[in-house]
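Student: This is the structure, below, for whatever I ask next.
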Number of protein chains: 2
Amino acid sequence: MTSYRQSGVDIEAGTRATQLMADAVRSTHTPAVLAGMGAFGGCFDLAAAPGVGAAPVLVASTDGVGTKTLIAAALGRYDTVGQDLVNHCVNDILVQGARPLFFMDYIAVARLDPAQAAAVVAGVAAACRHAGCALLGGETAEMPDVYQPGAFDLAGTIVGVVARERMLPRDVAPGDAIVALPSSGLHTNGYSLARRVFAGRLAERPPELGGQSIGEALLAVHRPYLREVEALWAAEVPIHALAHITGGGVYDNLPRVLPGGAGAVIRHESWEIPPICDLLVREGGLAEREAFHALNMGLGMLVVLPRAAASAALGLLPEARLVGEVVPGGGVQLV
Amino acid sequence: MTSYRQSGVDIEAGTRATQLMADAVRSTHTPAVLAGMGAFGGCFDLAAAPGVGAAPVLVASTDGVGTKTLIAAALGRYDTVGQDLVNHCVNDILVQGARPLFFMDYIAVARLDPAQAAAVVAGVAAACRHAGCALLGGETAEMPDVYQPGAFDLAGTIVGVVARERMLPRDVAPGDAIVALPSSGLHTNGYSLARRVFAGRLAERPPELGGQSIGEALLAVHRPYLREVEALWAAEVPIHALAHITGGGVYDNLPRVLPGGAGAVIRHESWEIPPICDLLVREGGLAEREAFHALNMGLGMLVVLPRAAASAALGLLPEARLVGEVVPGGGVQLV
């Protein structure tokens with residue numbers, strides 16, 4: 001007789017993982033959540049969510065954390081990648097002007113370790129609480145023969161809302177200022193490159209990292225920028241566009257929010273490059289253009305706003321830096 | 001100098017895959033889609049979606065297709081698993097009474113083959129069109145060292161809507177009839193078991209399968225039940241609950257929609273068991289209880305409704321079978 005467990009799927013481990021996750025998931029629930037974990041579909045009462053106007057536009061984004069999961073596994077540190085995932089997604093829908101409503105996660109592994117999976121979900125839940133976002137549901141999949149031993153994948157989907165008349169980008173024009181909010185390091189891009197360049201050296205503590213190991217610096221949590229943008233909204237600082245600098249770097253991501261006929265100039269040395277990016281560029285021998293394509297290089301989120309509003313933004317956000325401006329033409333020039 | 005390609009991530013392949021997917025994605029778009037592929041977040045105008053009432057509840061579900069992807073890879077047939085994924089999710093939110101609004105997909109591979117990824121997304125898009133659901137966005141991830149060579153994973157998230165007063169389940173009571181809509185085979189559960197039992201035999205054509213190979217029977221597309229349920233709604237046949245029979249089988253899934261103090265009796269031989277399920281049970285030596293836990297055994301979706309409404313449902317849906325009833329007590333008894 002064949003038991004289901006012999007075929008590589010451990011139903012009991014799944015049940016245990018679900019039990020371990022339950023409190024973290026529930027800690028994210030607001031009165032808008034009508035049915036969560038255990039339901040066939042998570043149910044979210046749109047009328048009970050604050051700030052949903054008469055013409056709500058739902059904004060959704062799906063993403064993964066890429067091979068950052070392999071750094072997490074190598075360091076045996078499972079509670080941060082869930083934060084990376086949620087924060088990445090929070091930033092992506094923020095670019096359209098949306099606030100998060102709810103999140104759905106997907107974890108897949110070769111062999112399910114309930115404590116590890118629960119640690120991942122605890123990170124997802126912590127970032128959801130921080131963003132005021134309900135963790136409405138998710139899936140944990142055990143897939144023998146698909147994943148490499150010890151490896152796991154983590155992806156998720158966020159759904160947020162914005163009033164139609166407040167959608168971004170809008171009104172971007174040459175002359176607009178570009179203000180940068182700093183990244184914490186690589187965020188969730190460039191990890192295949194970093195794993196190759198730093199192979200076998202995750203425990204090393206080069207002086208440039210100020211005491212941190214390479215592995216620790218690589219695992220720094222992807223920063224969310226919801227609170228910074230909310231501070232600008234609260235002060236009625238006009239925002240024309242936001243650009244989340246992810247895969248493809250500033251070269252690929254900033255043009256996505258610029259209108260036809262507009263480009264951007266970004267000024268070197270107007271912000272600080274995180275030490276881990278500097279180290280990766282140097283030891284990987286990356287040319288500048290390649291570095292700014294593969295990495296965020298310290299530019300976590302760019303805020304495009306009227307030149308006259310830049311000083312208000314810089315005053316409200318001490319970490320922000322004026323890094324450039326929108327110009328006629330196209331593309332991004334580093335000068 | 002390190003190129004990004006050397007680190008195992010092929011950005012050009014990603015761009016090519018996106019180009020190949022574009023038409024299929026666009027074919028799912030309705031006027032409600034304000035921004036789709038290429039946007040940081042897909043934007044869906046709730047006011048432009050039909051049937052969204054004054055008290056909309058969003059219903060979301062995330063799922064994967066499990067190791068059915070390995071059967072697809074073994075047969076070199078990439079256009080069906082996307083349909084499995086969407087249909088599974090459509091059925092999950094249907095259980096809460098919700099119609100689909102939009103879908104987000106996630107495909108991850110060790111090494112990206114643009115044509116394969118595009119075939120997967122074409123399947124996702126075909127099922128979305130069938131369900132009237134916009135494919136609003138997604139992510140294709142190339143993850144060297146996480147996935148086994150040739151293997152891939154496919155997961156997705158659906159978001160639908162239901163008016164609060166029409167949410168299911170409601171009013172389920174002992175005496176209600178249980179009507180089954182047939183499955184097409186294993187749907188998306190039991191594949192690790194099936195791969196073990198049928199190892200090396202996917203091309204075999206046992207007479208029980210009426211000409212189909214084992215591989216073809218295993219790859220049969222997960223059926224969606226939206227149109228059948230819409231036919232019941234259109235005819236105002238009252239529905240008390242729906243149960244989508246997935247992992248855990250009828251034993252685990254039917255009780256999820258029954259109130260406390262209610263159980264169910266399901267009558268053997270009141271419906272047809274798909275030949276591939278019969279074959280798997282026999283050759284895997286599964287006991288009955290195990291078979292009905294691991295597999296749907298032909299029960300794709302169960303509809304719980306007032307006894308007086310059962311004949312109307314059976315008249316509208318020629319494939320439907322009266323398979324049991326709700327009884328006082330708890331759990332599911334096969335008699």
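Going by the structure tokens order, chains are called A, B, ..., each with residues numbered from 1, while ligands are numbered from 1 in the order shown.
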With 6 Å as the cut-off and only C-alpha atoms counted, what is the closest atom pair between each nearby residue of chain B and chain A? Distances in Å to one decimal, ordered by chain and number, as JSON lines.
Tutor:
{"residue": "B:Met1", "atom": "CA", "partner": "A:Gly285", "partner_atom": "CA", "distance": 4.8}
{"residue": "B:Thr2", "atom": "CA", "partner": "A:Gly284", "partner_atom": "CA", "distance": 5.8}
{"residue": "B:Ser7", "atom": "CA", "partner": "A:Leu193", "partner_atom": "CA", "distance": 5.0}
{"residue": "B:Phe40", "atom": "CA", "partner": "A:Asp92", "partner_atom": "CA", "distance": 5.1}
{"residue": "B:Gly41", "atom": "CA", "partner": "A:Ser61", "partner_atom": "CA", "distance": 4.8}
{"residue": "B:Gly42", "atom": "CA", "partner": "A:Ala60", "partner_atom": "CA", "distance": 5.2}
{"residue": "B:Cys43", "atom": "CA", "partner": "A:Val59", "partner_atom": "CA", "distance": 4.5}
{"residue": "B:Phe44", "atom": "CA", "partner": "A:Leu58", "partner_atom": "CA", "distance": 4.9}
{"residue": "B:Asp45", "atom": "CA", "partner": "A:Val57", "partner_atom": "CA", "distance": 4.4}
{"residue": "B:Leu46", "atom": "CA", "partner": "A:Val57", "partner_atom": "CA", "distance": 5.7}
{"residue": "B:Val57", "atom": "CA", "partner": "A:Asp45", "partner_atom": "CA", "distance": 4.4}
{"residue": "B:Leu58", "atom": "CA", "partner": "A:Phe44", "partner_atom": "CA", "distance": 4.9}
{"residue": "B:Val59", "atom": "CA", "partner": "A:Cys43", "partner_atom": "CA", "distance": 4.5}
{"residue": "B:Ala60", "atom": "CA", "partner": "A:Gly41", "partner_atom": "CA", "distance": 5.2}
{"residue": "B:Ser61", "atom": "CA", "partner": "A:Gly41", "partner_atom": "CA", "distance": 4.8}
{"residue": "B:Thr62", "atom": "CA", "partner": "A:Gly138", "partner_atom": "CA", "distance": 5.5}
{"residue": "B:Asp63", "atom": "CA", "partner": "A:Glu139", "partner_atom": "CA", "distance": 5.9}
{"residue": "B:Asp92", "atom": "CA", "partner": "A:Phe40", "partner_atom": "CA", "distance": 5.2}
{"residue": "B:Ile93", "atom": "CA", "partner": "A:Gly41", "partner_atom": "CA", "distance": 5.1}
{"residue": "B:Gly138", "atom": "CA", "partner": "A:Thr62", "partner_atom": "CA", "distance": 5.5}
{"residue": "B:Glu139", "atom": "CA", "partner": "A:Asp63", "partner_atom": "CA", "distance": 5.9}
{"residue": "B:Val146", "atom": "CA", "partner": "A:Ala151", "partner_atom": "CA", "distance": 5.3}
{"residue": "B:Tyr147", "atom": "CA", "partner": "A:Tyr147", "partner_atom": "CA", "distance": 4.5}
{"residue": "B:Gln148", "atom": "CA", "partner": "A:Val146", "partner_atom": "CA", "distance": 5.4}
{"residue": "B:Ala151", "atom": "CA", "partner": "A:Val146", "partner_atom": "CA", "distance": 5.3}
{"residue": "B:Ser192", "atom": "CA", "partner": "A:Ser7", "partner_atom": "CA", "distance": 5.5}
{"residue": "B:Leu193", "atom": "CA", "partner": "A:Ser7", "partner_atom": "CA", "distance": 5.0}
{"residue": "B:Gly284", "atom": "CA", "partner": "A:Thr2", "partner_atom": "CA", "distance": 5.8}
{"residue": "B:Gly285", "atom": "CA", "partner": "A:Met1", "partner_atom": "CA", "distance": 4.9}
{"residue": "B:Leu286", "atom": "CA", "partner": "A:Met1", "partner_atom": "CA", "distance": 5.9}
Student: Excluding Ser311 in chain B and residues on its chain fewer than 4 positions from it, collect all residues at most 12 Å away from it, counting only C-alpha atoms, and give them as a list of chain:residue names.
Tutor: B:Ala177, B:Ile178, B:Val179, B:Leu232, B:Val237, B:Pro238, B:Leu305, B:Pro306, B:Arg307, B:Gly315, B:Leu316, B:Leu317, B:Pro318, B:Ala320, B:Arg321, B:Leu322
Student: Taking only range 14-111 of chain B into account, list the residues labelled helix (DSSP H, G or I) by DSSP (computed from the backbone), as a count of residues only.
Tutor: 38
Student: Just the number, please: distance in Å from CA of Leu280 in chain A to CA of Leu302 in chain A, one decimal.
Tutor: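 Pair CA of Leu280 in chain A / CA of Leu302 in chain A returns 22.3 Å.
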Student: I'd like the contact shell of Trp233 in chain B - 12 Å cut-off, only C-alpha atoms, skipping same-chain residues fewer than 2 positions apart - returned as a VMD selection string.
Tutor: chain B and resid 94 97 to 99 166 226 to 231 235 to 240 312 to 313 316
Student: When DSSP is applied to the backbone of this structure, which of range 81-254 of chain A are assigned strand (DSSP E)? Write them out as a VMD selection string.
Tutor: chain A and resid 99 to 109 134 to 142 152 to 163 177 to 182 241 to 244
Student: Can I get the selected residues back with N, CA and C atoms, as a CSV table (one decimal), in the first residue's frame?
Tutor:
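Below is the file that was written, part08.csv:
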chain,number,residue,atom,x,y,z
A,99,ARG,N,-2.4,52.5,-2.0
A,99,ARG,CA,-2.2,52.0,-0.6
A,99,ARG,C,-2.6,50.5,-0.6
A,100,PRO,N,-1.8,49.7,0.2
A,100,PRO,CA,-2.1,48.3,0.2
A,100,PRO,C,-3.4,48.0,0.9
A,101,LEU,N,-4.2,47.0,0.4
A,101,LEU,CA,-5.3,46.4,1.1
A,101,LEU,C,-5.0,45.1,1.7
A,102,PHE,N,-4.6,44.2,0.8
A,102,PHE,CA,-4.3,42.8,1.3
A,102,PHE,C,-3.2,42.2,0.5
A,103,PHE,N,-2.6,41.1,1.0
A,103,PHE,CA,-1.5,40.4,0.5
A,103,PHE,C,-1.8,38.9,0.5
A,104,MET,N,-1.3,38.1,-0.5
A,104,MET,CA,-1.3,36.7,-0.6
A,104,MET,C,0.1,36.2,-0.8
A,105,ASP,N,0.5,35.2,-0.1
A,105,ASP,CA,1.9,34.7,-0.3
A,105,ASP,C,1.9,33.2,-0.8
A,106,TYR,N,3.0,32.9,-1.4
A,106,TYR,CA,3.2,31.6,-2.0
A,106,TYR,C,4.6,31.1,-1.7
A,107,ILE,N,4.7,30.0,-0.9
A,107,ILE,CA,6.0,29.5,-0.5
A,107,ILE,C,6.0,28.1,-1.1
A,108,ALA,N,7.1,27.7,-1.8
A,108,ALA,CA,7.3,26.4,-2.3
A,108,ALA,C,8.7,25.9,-2.0
A,109,VAL,N,8.7,24.6,-1.6
A,109,VAL,CA,10.0,24.0,-1.1
A,109,VAL,C,10.0,22.5,-1.7
A,134,ALA,N,-3.7,43.5,5.2
A,134,ALA,CA,-4.1,42.2,5.7
A,134,ALA,C,-3.4,41.1,4.9
A,135,LEU,N,-2.9,40.1,5.6
A,135,LEU,CA,-2.4,38.9,5.0
A,135,LEU,C,-3.6,37.9,4.8
A,136,LEU,N,-4.2,38.0,3.7
A,136,LEU,CA,-5.5,37.4,3.5
A,136,LEU,C,-5.5,35.9,3.2
A,137,GLY,N,-4.4,35.4,2.7
A,137,GLY,CA,-4.3,34.0,2.3
A,137,GLY,C,-3.0,33.7,1.7
A,138,GLY,N,-2.9,32.5,1.3
A,138,GLY,CA,-1.6,32.0,0.7
A,138,GLY,C,-1.6,30.6,0.5
A,139,GLU,N,-0.5,30.1,0.1
A,139,GLU,CA,-0.3,28.7,-0.3
A,139,GLU,C,1.1,28.2,0.1
A,140,THR,N,1.2,27.1,0.7
A,140,THR,CA,2.5,26.5,1.0
A,140,THR,C,2.6,25.2,0.2
A,141,ALA,N,3.5,25.0,-0.7
A,141,ALA,CA,3.5,23.9,-1.6
A,141,ALA,C,4.8,23.1,-1.3
A,142,GLU,N,4.7,21.8,-1.2
A,142,GLU,CA,5.8,20.9,-1.1
A,142,GLU,C,5.9,20.2,-2.4
A,152,PHE,N,14.2,27.1,-1.6
A,152,PHE,CA,12.8,27.4,-1.6
A,152,PHE,C,12.5,28.6,-2.4
A,153,ASP,N,11.3,28.8,-2.8
A,153,ASP,CA,10.9,30.0,-3.5
A,153,ASP,C,9.8,30.7,-2.8
A,154,LEU,N,9.7,32.0,-2.9
A,154,LEU,CA,8.8,32.8,-2.2
A,154,LEU,C,8.3,33.9,-3.1
A,155,ALA,N,7.0,33.9,-3.4
A,155,ALA,CA,6.4,34.9,-4.2
A,155,ALA,C,5.1,35.4,-3.6
A,156,GLY,N,4.6,36.5,-4.1
A,156,GLY,CA,3.4,37.0,-3.4
A,156,GLY,C,2.7,38.0,-4.3
A,157,THR,N,1.5,38.3,-4.0
A,157,THR,CA,0.6,39.2,-4.7
A,157,THR,C,0.0,40.2,-3.8
A,158,ILE,N,0.2,41.5,-4.1
A,158,ILE,CA,-0.5,42.5,-3.3
A,158,ILE,C,-1.6,43.1,-4.1
A,159,VAL,N,-2.7,43.5,-3.4
A,159,VAL,CA,-3.7,44.3,-4.0
A,159,VAL,C,-4.0,45.5,-3.1
A,160,GLY,N,-3.9,46.7,-3.8
A,160,GLY,CA,-4.2,47.9,-3.1
A,160,GLY,C,-5.2,48.7,-3.9
A,161,VAL,N,-5.4,49.9,-3.4
A,161,VAL,CA,-6.5,50.8,-4.0
A,161,VAL,C,-6.0,52.2,-4.1
A,162,VAL,N,-6.5,52.9,-5.1
A,162,VAL,CA,-6.3,54.3,-5.3
A,162,VAL,C,-7.5,54.9,-6.0
A,163,ALA,N,-7.9,56.1,-5.5
A,163,ALA,CA,-9.0,56.8,-6.2
A,163,ALA,C,-8.5,57.1,-7.6
A,177,ALA,N,11.8,68.2,-10.4
A,177,ALA,CA,13.0,67.7,-9.6
A,177,ALA,C,12.8,66.2,-9.4
A,178,ILE,N,14.0,65.5,-9.2
A,178,ILE,CA,14.0,64.1,-8.9
A,178,ILE,C,14.7,63.9,-7.5
A,179,VAL,N,13.9,63.4,-6.5
A,179,VAL,CA,14.4,63.2,-5.2
A,179,VAL,C,14.5,61.7,-4.9
A,180,ALA,N,15.6,61.3,-4.3
A,180,ALA,CA,15.8,59.9,-4.1
A,180,ALA,C,15.6,59.5,-2.6
A,181,LEU,N,14.9,58.4,-2.3
A,181,LEU,CA,14.9,57.8,-1.0
A,181,LEU,C,15.9,56.7,-1.0
A,182,PRO,N,16.7,56.5,0.0
A,182,PRO,CA,17.8,55.6,-0.1
A,182,PRO,C,17.4,54.1,0.1
A,241,ALA,N,5.3,61.7,-9.9
A,241,ALA,CA,5.5,60.3,-10.2
A,241,ALA,C,6.5,59.7,-9.1
A,242,LEU,N,6.4,58.4,-9.0
A,242,LEU,CA,7.3,57.6,-8.2
A,242,LEU,C,7.9,56.5,-9.1
A,243,ALA,N,9.2,56.2,-8.9
A,243,ALA,CA,9.8,55.1,-9.6
A,243,ALA,C,10.5,54.2,-8.6
A,244,HIS,N,10.1,53.0,-8.6
A,244,HIS,CA,10.7,52.0,-7.7
A,244,HIS,C,11.9,51.4,-8.5
